[in-house]
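Enquirer: One structure follows; several queries about it will come next.
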Amino acid sequence: MGAKDIKPTRSELIELKKKIKLSQSGHKLLKMKRDGLILEFFDILSKAKDVRSELDKAYEVANKKIGIANAVDGIITVKSTAFALQDIPQIELESRNIMGVVVPKIESSSVRKSIEERGYGILGTSSYTDEAADAYEILVENIIVAAEIETTMKKLLDDIEKTKRRVNALEFKVIPEMQESMNFITLRLEEMERENTFRLKKIKG
Amino acid sequence: MRLLQRLKGGMGSQTQGHSNYAYTTARVRAMKGKLLSKETYPRLMNMQISEITRFIQEVEYKEDVDQLARSYEDVDLIEHALNRNLAVTFNKLLNISEGELNFLISEYLKKYDIWNIKTILRGKHCDASTDDILESIVAAGRLTYTFTSELAAKPTYEDVIAALSASECYSILKDYNGTNLSDIENRLDKNYYYDLFQAIGDPKTKDRKLFTKFIQTDIDLKNLVTLFRLKRYGITDPLMADLLIEGGLKLHFKEMERMLSLSFEDFLVQLENTPYWEEISDCCGPKMESLIHVETRLKKLRLKSAESFSHVYPLSIVPIMDYILSKENEVSNLRMIVRGKEVGLSDEEIRDQLVI
């Protein structure tokens, strides 16, 4: 809003002062939110690093175990044991609020299974297949945790970016412009005051 | 001669006739001499997959690699060549043996028929392609490769079972409804041993006694692995005793049933009283994370006991069983090296899985 578009009236000045006050308190709140989100983000970042490294490790282990199981029991056996599973893990998606940012909360059930719940023939398979199944169950659990943490991190980052843009806009554009307009109106009103005084003196004289 | 014997066999007199032990065991000794030595495996581990293919092409697998090289490449070529060689080798054993010896070998090799039927059903269960199924087929039993291939090419499991309506395992297969594969697999595996004992009958001859002992040891080790697997997952349900096979040599069924209700720690304490403990004691503990070492040790024990038995009874079925186990082990080791290299396992990890 350019200062020249402003009507230099007292009511406009009062309105502008109100707006500046509101913007300043909004700016303060947004700054606090941004700092809070950044703190929260760093907290989650360290967790995400751990989860990611665990996920990589679990993936590596699972890959090796399935390789060994394929070699010992045969690819078809391993593939069919995977298809034998009847009870698919249930994923429940909830949400929680971190400073106004809605992030997912993922709960999973029955990922880990006992040998008799997996649905494959025990006599026709070996412990190589069991260990491959164990490794993949751990991997799925890690994926679920990583999905929750990494989505939270992504959402927090998006919101930090958005909040930072708002804070900067208020700090460097909106509030200075309003202050400039307020100064313009104040100056204009003072000028009008002086003109009035001068006019009155001239009439008296 | 073989044809005549098969025809006779078809008339239910497989067990009759003169067994040619001297000839068969001499041939088998020569065949065993051609198996890869234990010094070969470290060399193989330093080779690339193409070099391994080249290597096995220069030894006993030449014909198999030559035959299959047009259709397959890399790991698939080796896998098919190994399976083909296993089938050809075991068929050769059936061809050179006669009389009761032939009957006992063919009864033992029925495990490959069971394996192939299970593989085909598993393949149908997971919608695998015919080629994928054929990759795991080892036509070393009574079912020929052509018949097994036809089974693998059937569109549904119902067609597969219908085609097997004349087989001995049809009574079990007919209960398969598309969802109870694990139950059917377990029943087929148990039934294999039951049929084997039925075929042996009351072991009166020395050969049948030795063969029975061999099978009983096999059952013991299989039961031991099953118990370890169940205990590792904390299963104490007495109903799971259904997975144990009756007829073991040193582990009696009642004893195993009792072991099933124990905790893992108590189970290990009980195992200390068994003759198998000595072999596995150093890789067993209440906090053991993997059973792979136990399983590998038991396989080694199996090979060792078969070999020592074969020296004690050189003119019996034992040297032949020893050869069958050694050949299976060689193929399993080669497959382990190749598949291990394919998925990028380190040499140490591959070495851990080998039974040398």
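Ordering of the structure tokens sets the chain letters (A, B, ...), residue numbers begin anew at 1 in every chain, and ligands are numbered from 1 in the order given.
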Going by DSSP on the backbone, which bits of range 31-111 of chain A are strand (DSSP E)? Write them as a PyMOL selection string, please.
Expert: chain A and resi 90-98+101-109
Enquirer: How close does chain A get to chain B? List, as CSV, each residue of chain A within 12 Å, its nearest atom pair and the distance in Å to one decimal, counting only C-alpha atoms.
Expert:
residue,atom,partner,partner_atom,distance
A:Glu60,CA,B:Leu345,CA,10.1
A:Val61,CA,B:Leu345,CA,10.2
A:Ala62,CA,B:Val343,CA,11.0
A:Asn63,CA,B:Val343,CA,7.4
A:Lys64,CA,B:Leu345,CA,6.6
A:Lys65,CA,B:Leu345,CA,9.6
A:Ile66,CA,B:Val343,CA,8.9
A:Gly67,CA,B:Val343,CA,5.8
A:Ile68,CA,B:Gly340,CA,6.5
A:Ala69,CA,B:Met336,CA,9.3
A:Asn70,CA,B:Arg339,CA,7.5
A:Ala71,CA,B:Met336,CA,5.1
A:Val72,CA,B:Met336,CA,6.6
A:Asp73,CA,B:Ser136,CA,9.2
A:Gly74,CA,B:Ser136,CA,6.3
A:Ile75,CA,B:Ser136,CA,7.4
A:Ile76,CA,B:Gly123,CA,6.1
A:Thr77,CA,B:Thr119,CA,6.7
A:Val78,CA,B:Arg122,CA,9.3
A:Lys79,CA,B:Cys126,CA,6.9
A:Ser80,CA,B:Arg122,CA,5.2
A:Thr81,CA,B:Arg122,CA,8.0
A:Ala82,CA,B:Cys126,CA,8.5
A:Phe83,CA,B:Cys126,CA,6.0
A:Ala84,CA,B:Leu181,CA,7.6
A:Leu85,CA,B:Thr179,CA,9.9
A:Gln86,CA,B:Thr179,CA,8.7
A:Arg112,CA,B:Tyr233,CA,11.0
A:Lys113,CA,B:Tyr233,CA,9.1
A:Ser114,CA,B:Tyr233,CA,6.0
A:Ile115,CA,B:Tyr233,CA,6.6
A:Glu116,CA,B:Leu230,CA,8.4
A:Glu117,CA,B:Ser182,CA,10.7
A:Arg118,CA,B:Ser182,CA,9.4
A:Gly119,CA,B:Ser182,CA,6.0
A:Tyr120,CA,B:Ser182,CA,4.6
A:Gly121,CA,B:Ser182,CA,3.8
A:Ile122,CA,B:Asn186,CA,6.8
A:Leu123,CA,B:Asn186,CA,5.6
A:Gly124,CA,B:Glu185,CA,6.5
A:Thr125,CA,B:Glu185,CA,9.6
A:Ser126,CA,B:Val225,CA,8.2
A:Ser127,CA,B:Leu291,CA,6.2
A:Tyr128,CA,B:Ile292,CA,6.6
A:Thr129,CA,B:Ile292,CA,10.2
A:Asp130,CA,B:Arg229,CA,8.2
A:Glu131,CA,B:Ser290,CA,7.5
A:Ala132,CA,B:Ser290,CA,10.9
A:Asp134,CA,B:Ser290,CA,10.6
A:Ala135,CA,B:Ser290,CA,11.3
Enquirer: For the residues selected in the previous step, produce a file with N, CA and C atoms as a compact mmCIF listing (two decimals), in the first residue's frame.
Expert:
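So selection_34.txt came out as:
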# COMPACT_ATOMS: atom_id res chain seq x y z
N GLU A 60 19.34 -53.57 4.70
CA GLU A 60 20.52 -54.33 4.31
C GLU A 60 20.44 -55.77 4.86
N VAL A 61 20.08 -55.86 6.14
CA VAL A 61 19.97 -57.19 6.78
C VAL A 61 18.90 -58.02 6.06
N ALA A 62 17.73 -57.39 5.82
CA ALA A 62 16.62 -58.11 5.17
C ALA A 62 17.02 -58.60 3.79
N ASN A 63 17.76 -57.75 3.07
CA ASN A 63 18.21 -58.12 1.73
C ASN A 63 19.14 -59.33 1.76
N LYS A 64 20.03 -59.32 2.76
CA LYS A 64 20.96 -60.44 2.88
C LYS A 64 20.21 -61.72 3.26
N LYS A 65 19.31 -61.57 4.23
CA LYS A 65 18.59 -62.76 4.71
C LYS A 65 17.75 -63.38 3.60
N ILE A 66 17.12 -62.51 2.81
CA ILE A 66 16.27 -63.06 1.74
C ILE A 66 17.15 -63.70 0.66
N GLY A 67 18.33 -63.14 0.46
CA GLY A 67 19.27 -63.72 -0.49
C GLY A 67 19.68 -65.12 -0.06
N ILE A 68 19.98 -65.25 1.23
CA ILE A 68 20.39 -66.56 1.76
C ILE A 68 19.21 -67.54 1.67
N ALA A 69 18.01 -67.06 2.06
CA ALA A 69 16.83 -67.93 2.02
C ALA A 69 16.54 -68.37 0.59
N ASN A 70 16.71 -67.44 -0.37
CA ASN A 70 16.50 -67.80 -1.78
C ASN A 70 17.48 -68.88 -2.22
N ALA A 71 18.72 -68.74 -1.73
CA ALA A 71 19.75 -69.70 -2.13
C ALA A 71 19.48 -71.08 -1.52
N VAL A 72 19.05 -71.09 -0.28
CA VAL A 72 18.88 -72.38 0.42
C VAL A 72 17.53 -73.02 0.09
N ASP A 73 16.47 -72.25 0.24
CA ASP A 73 15.13 -72.83 0.07
C ASP A 73 14.57 -72.69 -1.34
N GLY A 74 15.17 -71.84 -2.15
CA GLY A 74 14.67 -71.62 -3.51
C GLY A 74 13.73 -70.42 -3.56
N ILE A 75 13.77 -69.73 -4.71
CA ILE A 75 13.00 -68.48 -4.84
C ILE A 75 11.50 -68.72 -4.71
N ILE A 76 11.04 -69.79 -5.34
CA ILE A 76 9.59 -70.08 -5.31
C ILE A 76 9.12 -70.31 -3.88
N THR A 77 9.92 -71.07 -3.12
CA THR A 77 9.54 -71.36 -1.73
C THR A 77 9.41 -70.06 -0.95
N VAL A 78 10.41 -69.21 -1.10
CA VAL A 78 10.40 -67.96 -0.34
C VAL A 78 9.22 -67.08 -0.78
N LYS A 79 9.01 -67.03 -2.09
CA LYS A 79 7.91 -66.20 -2.61
C LYS A 79 6.57 -66.73 -2.11
N SER A 80 6.41 -68.04 -2.16
CA SER A 80 5.11 -68.59 -1.75
C SER A 80 4.91 -68.46 -0.24
N THR A 81 5.99 -68.53 0.53
CA THR A 81 5.83 -68.34 1.98
C THR A 81 5.38 -66.91 2.26
N ALA A 82 5.87 -66.00 1.43
CA ALA A 82 5.45 -64.60 1.60
C ALA A 82 3.96 -64.45 1.30
N PHE A 83 3.50 -65.18 0.28
CA PHE A 83 2.08 -65.08 -0.08
C PHE A 83 1.18 -65.85 0.89
N ALA A 84 1.80 -66.72 1.69
CA ALA A 84 1.01 -67.55 2.61
C ALA A 84 0.38 -66.74 3.74
N LEU A 85 0.95 -65.57 3.97
CA LEU A 85 0.47 -64.75 5.10
C LEU A 85 -0.98 -64.28 4.86
N GLN A 86 -1.87 -64.66 5.78
CA GLN A 86 -3.29 -64.30 5.61
C GLN A 86 -3.61 -62.99 6.34
N ARG A 112 4.80 -58.04 13.72
CA ARG A 112 5.62 -59.19 14.14
C ARG A 112 4.73 -60.40 14.37
N LYS A 113 5.15 -61.51 13.81
CA LYS A 113 4.32 -62.71 13.93
C LYS A 113 5.15 -63.89 14.40
N SER A 114 4.46 -64.79 15.05
CA SER A 114 5.12 -66.02 15.46
C SER A 114 5.13 -66.97 14.27
N ILE A 115 5.95 -67.97 14.36
CA ILE A 115 6.13 -68.88 13.20
C ILE A 115 4.82 -69.54 12.77
N GLU A 116 3.94 -69.85 13.75
CA GLU A 116 2.71 -70.56 13.39
C GLU A 116 1.65 -69.62 12.83
N GLU A 117 1.86 -68.30 13.01
CA GLU A 117 0.89 -67.34 12.47
C GLU A 117 1.22 -66.92 11.04
N ARG A 118 2.40 -67.33 10.57
CA ARG A 118 2.81 -66.87 9.25
C ARG A 118 2.16 -67.64 8.11
N GLY A 119 1.66 -68.80 8.42
CA GLY A 119 0.87 -69.53 7.43
C GLY A 119 1.66 -70.39 6.47
N TYR A 120 2.98 -70.52 6.66
CA TYR A 120 3.71 -71.41 5.75
C TYR A 120 4.04 -72.74 6.43
N GLY A 121 4.31 -73.73 5.61
CA GLY A 121 4.61 -75.06 6.14
C GLY A 121 5.95 -75.06 6.86
N ILE A 122 5.94 -75.51 8.10
CA ILE A 122 7.18 -75.45 8.88
C ILE A 122 8.14 -76.57 8.46
N LEU A 123 7.60 -77.72 8.13
CA LEU A 123 8.48 -78.84 7.78
C LEU A 123 9.16 -78.64 6.43
N GLY A 124 8.49 -77.93 5.55
CA GLY A 124 9.04 -77.76 4.20
C GLY A 124 9.94 -76.55 4.05
N THR A 125 10.11 -75.79 5.12
CA THR A 125 10.97 -74.60 5.04
C THR A 125 12.09 -74.75 6.08
N SER A 126 12.95 -73.75 6.13
CA SER A 126 14.06 -73.85 7.08
C SER A 126 14.13 -72.57 7.91
N SER A 127 15.07 -72.56 8.85
CA SER A 127 15.20 -71.35 9.67
C SER A 127 15.72 -70.17 8.85
N TYR A 128 16.24 -70.44 7.65
CA TYR A 128 16.66 -69.34 6.77
C TYR A 128 15.44 -68.51 6.37
N THR A 129 14.35 -69.22 6.07
CA THR A 129 13.11 -68.51 5.70
C THR A 129 12.57 -67.76 6.92
N ASP A 130 12.62 -68.40 8.10
CA ASP A 130 12.15 -67.73 9.33
C ASP A 130 12.90 -66.42 9.53
N GLU A 131 14.23 -66.51 9.35
CA GLU A 131 15.03 -65.33 9.62
C GLU A 131 14.81 -64.23 8.58
N ALA A 132 14.55 -64.65 7.35
CA ALA A 132 14.22 -63.65 6.32
C ALA A 132 12.90 -62.97 6.68
N ASP A 134 11.59 -62.69 9.71
CA ASP A 134 11.87 -61.83 10.88
C ASP A 134 12.45 -60.49 10.43
N ALA A 135 13.46 -60.60 9.54
CA ALA A 135 14.16 -59.39 9.08
C ALA A 135 13.20 -58.45 8.36
Enquirer: Can you list, as number ranges by chain, every residue of range 2-118 of chain B that DSSP puts in alpha helix (DSSP H)?
Expert: B: 2-10, 21-33, 40-45, 49-58, 62-68, 74-96, 99-108, 110-118
Enquirer: Extract, using only C-alpha atoms, all DNA, RNA and protein residues at most 12 Å from Glu278 in chain B, discarding same-chain residues fewer than 3 positions from it, and format them as a compact mmCIF listing (two decimals) with C-alpha atoms, in the first residue's frame.
Expert:
# COMPACT_ATOMS: atom_id res chain seq x y z
CA LEU B 268 18.47 -76.44 25.92
CA LEU B 271 19.03 -81.22 24.92
CA GLU B 272 22.22 -81.68 26.89
CA ASN B 273 21.07 -85.22 27.58
CA THR B 274 20.81 -86.06 23.89
CA PRO B 275 23.70 -87.35 21.75
CA SER B 281 26.66 -77.05 22.18
CA ASP B 282 29.09 -74.26 21.29
CA CYS B 283 26.63 -72.43 19.06
CA CYS B 284 23.63 -72.78 21.39
CA VAL B 294 22.68 -74.88 14.46
CA ARG B 297 26.10 -77.92 12.24
CA LEU B 298 23.32 -80.50 12.02
CA LEU B 301 26.72 -83.95 11.46
Enquirer: Could you state the separation of CA of Glu54 in chain A and CA of Ala146 in chain A in Å, given to one decimal place?
Expert: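 Taking CA of Glu54 in chain A as the start and CA of Ala146 in chain A as the end point, the length is 9.3 Å.
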Enquirer: Find the residue from A:Glu40, A:Val167, A:Pro89, A:Leu139 that sits nearest to Leu55 in chain A; use only C-alpha atoms when measuring.
Expert: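 Nearest candidate to Leu55 in chain A out of A:Glu40, A:Val167, A:Pro89, A:Leu139: A:Leu139.
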Enquirer: For Lys209 in chain B, please output as a list in words all residues within 12 Å (counting only C-alpha atoms; exclusion window: fewer than 5 positions along the same chain).
Expert: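 Surrounding residues, per the criterion: Leu104, Phe197, Ile200, Gly201, Asp202, Pro203, Lys204, Phe214, Ile215, Gln216, Leu249, Tyr313, Ser316, Ile317 and Val318 of chain B.
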Enquirer: Excluding range 154-161 of chain A and its own-chain neighbours fewer than 4 positions away, which residues fall within 12 Å of it when counting only C-alpha atoms? Please give them as a VMD selection string.
Expert: chain A and resid 30 to 45 48 96 to 104 146 to 150 165 to 168
Enquirer: So how many Å separate CA of Ser46 in chain A and CA of Met153 in chain A, to one decimal?
Expert: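 Computed distance, CA of Ser46 in chain A to CA of Met153 in chain A, equals 10.6 Å.
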Enquirer: Mind pulling up the distance from CA of Gln48 in chain B to CA of Arg351 in chain B?
Expert: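 CA of Gln48 in chain B lies 15.6 Å from CA of Arg351 in chain B.
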